[in-house]
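J.: Questions regarding the structure given below will be posed in turn.
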Amino acid sequence: MNQTHDANPAHEAGSVYDGLLAGEADGHWAFGTSFEDPLAGVDTTVPEGVDPGDLAGYCLMLGDDALVLSHRLTEWCSNAPDLEEDVALANIALDLLGQARLLLARAAAADPAVVPALPDGSPVPPEDALAFFRDEPHFRNVRLVEAPTGDFAATVTRLFLCACWRLALLERLATSRDQVLAAVAAKGVTEVTYHRDYAARWLVTLAQGTEESRRRTSTALASLWPAVDELFGSHGVEPRMAAAGAGVDPATVRADVDAVVDQVLAAAGLERPQVPAMSGVRDRTGRDGLHTEAFGHLLAEMQAVARAHPMGMW
Amino acid sequence: MTTVDDVAPELVESFETTIGHHDRIEPRDWMPEGYRRTLVRQIAQHAHSEIIGMQPEGNWLTRAPSLRRKAILLAKVQDEAGHGLYLYSACETLGVSRQQLTEMLISGAQKYSSIFNYPTPSWADVGTIGWLVDGAAICNQVPLCRTSYGPYGRAMIRICKEESFHQRQGYELLMTMMRGTDEQREMVQESVDRFWWPALMMFGPPDDDSPNTAQSMEWGIKRHTNDELRQRFVDMSVPQAEALGVTLPDPELRWNEERGAHDFGAIDWDEFWTVVKGGGPCNAQRIAHRKRAWDDGAWVREAATAFARRSAS
Ligand SMILES: [Fe+2]
Ligand SMILES: [Fe+2]
């Protein structure tokens with residue numbers, strides 16, 4: 001085949017791709033897709049006075065929240081009510097996936113002991129070992145993000161609640177003593193502000209739209225509300241990270257988040273649901289690795305291909 | 001309906017001069033009804049292909065084996081939704097709404113590219129679709145950047161740029177798998193074996209069986225025949241397959257010195273027509289999926305309309 005190869009006209013000038021490959025680095029491509037190592041070029045030294053294990057645990061919490069919520073939003077792809085929503089939900093899922101990758105890579109760099117062991121010589125990078133080879137009890141996300149996707153009302157309601165909360169955390173984290181967390185947070189604030197505004201607009205639209213949309217929205221709010229309390233619980237690592245000037249204790253953002261949520265609920269003409277908070281099991285909740293039944297199914301699907309090929313290169 | 005007979009001769013002349021000079025026809029220009037109808041059919045079919053095309057790869061979004069690949073795939077499928085949006089907009093300049101077009105897709109009155117009626121049972125299919133399917137789409141679409149209808153041509157320029165990213169990302173995915181384990185290499189070969197022939201069919205029936213081609217070329221809607229484009233695609237893919245280390249599943253594929261092109265085996269046109277006519281492995285599934293998404297979203301679209309009306313009053 002050697003001579004034929006060189007004689008191929010498409011091989012020289014006149015390929016149909018001519019003129020298409022110009023602006024190669026035009027920033028079109030998804031955040032976090034252009035680098036093999038998402039932390040390439042970033043100073044990953046753990047700051048003095050910050051416990052590497054705490055830093056890793058804390059990054060897993062925020063990283064897993066983003067990873068799992070992104071996964072649920074991804075389920076909308078090709079299923080959204082209209083093409084604009086398909087594009088918007090994919091955008092938001094991509095932002096969160098980008099945050100997750102940086103945070104998981106940060107966790108692995110801070111404390112390699114959190115990364116599951118793989119066979120010798122496995123080319124699987126730490127971010128993927130964490131996402132695809134960790135068992136359910138080692139995931140630290142809150143339970144709100146793992147609830148099954150539900151309808152569009154449930155999707156925008158959850159996104160709204162999560163975004164209000166995450167935005168409050170990221171705004172404070174932008175001054176973290178950990179350079180990586182500070183950088184991820186600074187970028188994330190812009191992204192999550194957009195997520196919150198997108199979700200809030202839809203929440204008001206649906207609540208004030210038709211009778212059916214209003215019914216669906218208040219049903220969604222009532223079904224998600226029990227998992228909201230958990231967002232503001234402190235789980236050991238967080239207060240210690242806050243004391244070290246590197247993290248945020250979620251208990252301290254409750255008043256601010258409540259104010260924003262109440263304002264949007266008022267605009268939507270919705271009441272705060274009067275439903276009991278979802279308890280943990282012997283006080284263990286998502287942050288402690290205690291998850292809902294739906295989460296096992298999510299992981300089984302998400303991890304299937306990666307786990308079948310522990311020596312795989314992707 | 002406006003026929004050439006009813007209109008002022010200077011309008012017809014101006015249309016024909018524009019076409020003759022390879023200039024663009026714009027929405028407010030007069031155009032023959034047949035030209036408009038052909039364009040609506042072609043642009044709509046193209047738009048529907050972008051949207052239905054989200055499904056076979058979307059099938060792997062929740063199972064992507066690395067976070068980087070998951071991001072790339074999600075960005076790609078999102079691009080396809082964007083392509084659908086631009087093309088539906090181009091179609092709207094010809095007086096047909098997105099809602100009407102979607103209903104025609106769901107009822108089967110309009111078609112989409114048959115390639116998407118093949119299943120994606122393997123993760124490697126994500127790479128093969130990028131390499132071969134986006135690759136064939138580029139061959140078909142690059143000439144359309146110079147198509148005679150302005151809004152279509154401009155949409156195509158933007159789309160082709162993104163398709164070239166998809167093609168390279170898909171090829172890079174396969175290249176990475178080929179550097180992995182034996183099992184991964186087998187996955188790639190198996191996927192290429194399944195998609196090679198359907199990819200060749202993407203250029204449509206052979207020229208002697210393509211009744212609309214001549215008129216479309218005369219109007220500058222189409223710039224090359226199906227067989228010309230197919231040949232170009234084969235010539236382009238052979239060295240790429242070689243660099244990748246996969247075998248294209250065609251024992252008759254060889255370089256023909258005299259023609260300066262590759263000869264290749266006979267395409268199974270019976271299979272092609274079976275799939276076009278609805279008998280492919282995924283025809284029913286693809287339409288049912290689109291119909292479910294559209295029907296399930298009806299209450300959201302109604303709510304948005306009601307809210308907008310109330311806010312305006
Ligand atoms: Fe496309
Ligand atoms: Fe594409």
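Letters for chains follow the order of the structure tokens (A, B, ...), residue numbers begin at 1 for each chain, and ligand numbers begin at 1 in the order shown.
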Distance limit 7 Å, reference ligand 1, atoms considered: only C-alpha atoms and all ligand atoms. Which residues make the cut? Give them as number ranges by chain.

T.: B: 50, 79-80, 83, 159, 163

J.: Applying 8 Å and only C-alpha atoms, which residues near Glu238 (chain A) remain after dropping the ones on its own chain fewer than 3 positions away? List them as a list in words.

T.: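 Selected residues are Tyr58, Ser234, His235, Met241, Ala242, Gly247, Val248, Asp249 and Pro250 of chain A.
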
J.: Store the residues picked out above in a file with N, CA and C atoms, as an mmCIF file, in the first residue's frame.

T.:
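To be explicit, this is the file written out as out_28.cif:
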data_model
loop_
_atom_site.group_PDB
_atom_site.id
_atom_site.type_symbol
_atom_site.label_atom_id
_atom_site.label_comp_id
_atom_site.auth_asym_id
_atom_site.auth_seq_id
_atom_site.Cartn_x
_atom_site.Cartn_y
_atom_site.Cartn_z
ATOM 1 N N TYR A 58 -12.235 17.862 51.238
ATOM 2 C CA TYR A 58 -13.064 19.022 50.923
ATOM 3 C C TYR A 58 -13.240 19.160 49.408
ATOM 4 N N SER A 234 -22.547 20.826 58.688
ATOM 5 C CA SER A 234 -21.067 20.847 58.706
ATOM 6 C C SER A 234 -20.579 19.428 58.963
ATOM 7 N N HIS A 235 -19.584 19.007 58.200
ATOM 8 C CA HIS A 235 -19.150 17.608 58.297
ATOM 9 C C HIS A 235 -17.685 17.479 58.653
ATOM 10 N N MET A 241 -11.376 23.217 57.532
ATOM 11 C CA MET A 241 -10.864 23.939 56.351
ATOM 12 C C MET A 241 -11.169 25.426 56.469
ATOM 13 N N ALA A 242 -12.340 25.756 57.026
ATOM 14 C CA ALA A 242 -12.694 27.171 57.208
ATOM 15 C C ALA A 242 -11.745 27.816 58.203
ATOM 16 N N GLY A 247 -11.284 26.927 53.350
ATOM 17 C CA GLY A 247 -12.601 26.412 52.962
ATOM 18 C C GLY A 247 -13.721 27.236 53.588
ATOM 19 N N VAL A 248 -14.961 26.797 53.353
ATOM 20 C CA VAL A 248 -16.131 27.512 53.863
ATOM 21 C C VAL A 248 -16.983 26.528 54.655
ATOM 22 N N ASP A 249 -17.401 26.930 55.829
ATOM 23 C CA ASP A 249 -18.344 26.113 56.588
ATOM 24 C C ASP A 249 -19.752 26.429 56.057
ATOM 25 N N PRO A 250 -20.420 25.438 55.463
ATOM 26 C CA PRO A 250 -21.703 25.725 54.808
ATOM 27 C C PRO A 250 -22.754 26.291 55.760
#

J.: Give me, as a PDB file with C-alpha atoms, in the first residue's frame, all polymer residues having an atom no more than 10 Å from region 256-273 of chain A, counting only C-alpha atoms and skipping those fewer than 4 positions away in the same chain.

T.:
ATOM      1  CA  PHE A 160     -31.835  26.782  41.210  1.00  0.00           C
ATOM      2  CA  LEU A 161     -31.440  25.495  44.780  1.00  0.00           C
ATOM      3  CA  CYS A 162     -28.019  24.015  44.100  1.00  0.00           C
ATOM      4  CA  ALA A 163     -26.766  27.075  42.246  1.00  0.00           C
ATOM      5  CA  CYS A 164     -27.813  29.520  44.997  1.00  0.00           C
ATOM      6  CA  TRP A 165     -25.967  27.404  47.534  1.00  0.00           C
ATOM      7  CA  ARG A 166     -22.880  26.693  45.439  1.00  0.00           C
ATOM      8  CA  LEU A 167     -22.578  30.327  44.426  1.00  0.00           C
ATOM      9  CA  ALA A 168     -22.504  31.375  48.092  1.00  0.00           C
ATOM     10  CA  LEU A 169     -19.751  28.838  48.743  1.00  0.00           C
ATOM     11  CA  ALA A 200     -34.511  31.279  38.446  1.00  0.00           C
ATOM     12  CA  ARG A 201     -35.937  32.625  35.184  1.00  0.00           C
ATOM     13  CA  TRP A 202     -37.429  29.253  34.354  1.00  0.00           C
ATOM     14  CA  LEU A 203     -38.692  28.737  37.889  1.00  0.00           C
ATOM     15  CA  VAL A 204     -40.655  31.990  37.723  1.00  0.00           C
ATOM     16  CA  THR A 205     -41.817  31.287  34.162  1.00  0.00           C
ATOM     17  CA  LEU A 206     -43.108  27.820  35.041  1.00  0.00           C
ATOM     18  CA  ALA A 207     -44.688  28.923  38.314  1.00  0.00           C
ATOM     19  CA  GLN A 208     -46.476  31.768  36.506  1.00  0.00           C
ATOM     20  CA  GLY A 209     -47.100  29.988  33.195  1.00  0.00           C
ATOM     21  CA  ARG A 214     -47.543  25.728  38.197  1.00  0.00           C
ATOM     22  CA  THR A 217     -43.339  23.340  39.824  1.00  0.00           C
ATOM     23  CA  SER A 218     -44.838  23.268  43.290  1.00  0.00           C
ATOM     24  CA  THR A 219     -44.739  19.448  43.241  1.00  0.00           C
ATOM     25  CA  LEU A 221     -40.272  22.099  45.008  1.00  0.00           C
ATOM     26  CA  ALA A 222     -42.028  20.013  47.643  1.00  0.00           C
ATOM     27  CA  SER A 223     -40.248  16.827  46.606  1.00  0.00           C
ATOM     28  CA  LEU A 224     -36.774  18.397  46.568  1.00  0.00           C
ATOM     29  CA  TRP A 225     -37.146  20.534  49.664  1.00  0.00           C
ATOM     30  CA  PRO A 226     -36.441  17.781  52.239  1.00  0.00           C
ATOM     31  CA  PHE A 232     -26.024  23.543  55.357  1.00  0.00           C
ATOM     32  CA  THR A 252     -22.356  30.128  57.618  1.00  0.00           C
TER      33      THR A 252
END

J.: With only C-alpha atoms and all ligand atoms as the atoms that count, which of B:Glu33, B:Asp263, B:Glu162, B:Asp207 lies nearest to ligand 2?

T.: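 Under the stated criterion, the closest residue is B:Glu162.
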
J.: May I have a table of the residues of chain B lying at most 10 Å from ligand 2, giving each one's closest pair of atoms and their distance in Å to one decimal, counting only C-alpha atoms and all ligand atoms, ordered by chain and ascending residue number, as CSV?

T.:
residue,atom,partner,partner_atom_place_in_ligand_line,distance
B:Glu50,CA,ligand 2,1 (Fe),7.6
B:Gly53,CA,ligand 2,1 (Fe),8.3
B:Met54,CA,ligand 2,1 (Fe),9.0
B:Lys76,CA,ligand 2,1 (Fe),6.6
B:Val77,CA,ligand 2,1 (Fe),7.5
B:Gln78,CA,ligand 2,1 (Fe),9.5
B:Asp79,CA,ligand 2,1 (Fe),7.1
B:Glu80,CA,ligand 2,1 (Fe),5.8
B:Ala81,CA,ligand 2,1 (Fe),9.6
B:His83,CA,ligand 2,1 (Fe),8.4
B:Ile129,CA,ligand 2,1 (Fe),8.7
B:Gly130,CA,ligand 2,1 (Fe),6.9
B:Trp131,CA,ligand 2,1 (Fe),9.7
B:Val133,CA,ligand 2,1 (Fe),8.0
B:Asp134,CA,ligand 2,1 (Fe),5.1
B:Gly135,CA,ligand 2,1 (Fe),8.6
B:Ala137,CA,ligand 2,1 (Fe),7.8
B:Ile138,CA,ligand 2,1 (Fe),8.6
B:Ile159,CA,ligand 2,1 (Fe),8.1
B:Cys160,CA,ligand 2,1 (Fe),8.4
B:Lys161,CA,ligand 2,1 (Fe),9.6
B:Glu162,CA,ligand 2,1 (Fe),6.8
B:Glu163,CA,ligand 2,1 (Fe),4.4
B:Ser164,CA,ligand 2,1 (Fe),7.7
B:Phe165,CA,ligand 2,1 (Fe),8.0
B:His166,CA,ligand 2,1 (Fe),5.4
B:Gln167,CA,ligand 2,1 (Fe),7.3
B:Gly170,CA,ligand 2,1 (Fe),9.8

J.: Between B:Arg37, B:Arg68, B:Arg194, B:Arg301, single out the one closest to Leu173 (chain B), counting only C-alpha atoms.

T.: B:Arg68

J.: Might you pull out every residue within 8 Å of Ile267 (chain B), with only C-alpha atoms counted and same-chain residues fewer than 5 positions away left off, and present them as a list of chain:residue names?

T.: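 Near neighbours after the sequence-gap exclusion: B:Trp197, B:Leu200, B:Met201.
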
J.: Next, the residues of the selection above should be written as a PDB file, in the first residue's frame with N, CA, C and O atoms.

T.:
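Resulting contents of out.pdb:
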ATOM      1  N   TRP B 197     -19.420   0.908   5.454  1.00  0.00           N
ATOM      2  CA  TRP B 197     -20.345   0.907   4.305  1.00  0.00           C
ATOM      3  C   TRP B 197     -21.485   1.898   4.486  1.00  0.00           C
ATOM      4  O   TRP B 197     -21.784   2.664   3.557  1.00  0.00           O
ATOM      5  N   LEU B 200     -20.306   5.239   3.443  1.00  0.00           N
ATOM      6  CA  LEU B 200     -20.271   5.457   1.984  1.00  0.00           C
ATOM      7  C   LEU B 200     -21.663   5.743   1.428  1.00  0.00           C
ATOM      8  O   LEU B 200     -21.822   6.472   0.452  1.00  0.00           O
ATOM      9  N   MET B 201     -22.671   5.165   2.074  1.00  0.00           N
ATOM     10  CA  MET B 201     -24.049   5.387   1.600  1.00  0.00           C
ATOM     11  C   MET B 201     -24.528   6.804   1.912  1.00  0.00           C
ATOM     12  O   MET B 201     -25.518   7.267   1.356  1.00  0.00           O
TER      13      MET B 201
END

J.: Can you list, as a list in words, every protein, DNA or RNA residue that comes within 7 Å of Pro126 (chain A) when you count only C-alpha atoms, leaving out same-chain residues fewer than 4 positions away?

T.: Ala105, Ala108, Val115 and Leu130 of chain A

J.: Could you please take those selected residues and save N, CA, C and O atoms as a CSV table (one decimal), in the first residue's frame?

T.:
chain,number,residue,atom,x,y,z
A,105,ALA,N,-8.9,16.5,40.5
A,105,ALA,CA,-7.5,16.5,40.3
A,105,ALA,C,-6.8,17.1,41.5
A,105,ALA,O,-5.7,16.7,41.9
A,108,ALA,N,-6.7,14.7,44.4
A,108,ALA,CA,-5.6,13.6,44.1
A,108,ALA,C,-4.2,14.2,44.4
A,108,ALA,O,-3.4,13.5,44.9
A,115,VAL,N,-7.0,8.4,46.1
A,115,VAL,CA,-7.2,7.8,44.8
A,115,VAL,C,-7.3,6.3,44.9
A,115,VAL,O,-6.3,5.7,45.4
A,130,LEU,N,-10.7,8.5,40.4
A,130,LEU,CA,-11.7,9.0,41.4
A,130,LEU,C,-13.1,8.9,40.9
A,130,LEU,O,-14.0,8.5,41.6

J.: Assign secondary structure with DSSP using the backbone only, and return the residues of region 79-202 of chain A in helix (DSSP H, G or I) as a PyMOL selection string.

T.: chain A and resi 83-110+112-114+126-133+136-138+143-146+152-173+179-202

J.: I need the residue nearest chain A from this list: B:Trp269, B:Tyr86, B:Phe203, B:Tyr112. Use only C-alpha atoms for the distance.

T.: B:Tyr86

J.: Closest to Met302 (chain A) among A:Ala251, A:Ala131, A:Ile92, A:Leu62, using only C-alpha atoms?

T.: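 Among A:Ala251, A:Ala131, A:Ile92, A:Leu62, it is A:Ala131 that comes nearest to Met302 (chain A).
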
J.: Can you list, as a PyMOL selection string, every residue of region 177-309 of chain B that DSSP puts in strand (DSSP E)?

T.: chain B and resi 254-256+261-263

J.: Restricting the output to N, CA and C atoms, write the selected residues as an mmCIF file, in the first residue's frame.

T.:
data_model
loop_
_atom_site.group_PDB
_atom_site.id
_atom_site.type_symbol
_atom_site.label_atom_id
_atom_site.label_comp_id
_atom_site.auth_asym_id
_atom_site.auth_seq_id
_atom_site.Cartn_x
_atom_site.Cartn_y
_atom_site.Cartn_z
ATOM 1 N N ARG B 254 -8.607 -0.731 -3.721
ATOM 2 C CA ARG B 254 -7.206 -0.582 -4.134
ATOM 3 C C ARG B 254 -7.023 0.660 -4.999
ATOM 4 N N TRP B 255 -5.767 1.126 -5.025
ATOM 5 C CA TRP B 255 -5.424 2.319 -5.788
ATOM 6 C C TRP B 255 -5.456 2.025 -7.276
ATOM 7 N N ASN B 256 -6.092 2.868 -8.048
ATOM 8 C CA ASN B 256 -6.133 2.715 -9.499
ATOM 9 C C ASN B 256 -5.295 3.833 -10.109
ATOM 10 N N ALA B 261 -7.315 7.383 -8.514
ATOM 11 C CA ALA B 261 -8.296 7.310 -7.418
ATOM 12 C C ALA B 261 -8.401 5.857 -6.981
ATOM 13 N N HIS B 262 -9.053 5.626 -5.843
ATOM 14 C CA HIS B 262 -9.228 4.254 -5.376
ATOM 15 C C HIS B 262 -10.453 3.609 -6.015
ATOM 16 N N ASP B 263 -10.284 2.345 -6.411
ATOM 17 C CA ASP B 263 -11.460 1.544 -6.761
ATOM 18 C C ASP B 263 -11.990 0.958 -5.469
#

J.: Tell me, as a PyMOL selection string, which residues lie within 9 Å of Pro27 (chain B), counting only C-alpha atoms; anything in the same chain fewer than 5 positions away does not count.

T.: chain B and resi 93-94+149-151

J.: Which residue, B:Leu73, B:Cys139, B:Met175, B:Ala109, has the smallest gap to Arg223 (chain B) when you use only C-alpha atoms?

T.: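 Smallest distance to Arg223 (chain B) is found for B:Cys139.
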
J.: Hey, can you check how far CA of Gln179 (chain A) sits from CA of Lys70 (chain B)?

T.: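 Separation of CA of Gln179 (chain A) and CA of Lys70 (chain B): 26.3 Å.
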
J.: Which of these residues is nearest to Pro211 (chain B), using only C-alpha atoms: B:Met156, B:Asn226, B:Ile19, B:Ala47?

T.: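 Residue with the minimum atom-to-atom distance to Pro211 (chain B): B:Asn226.
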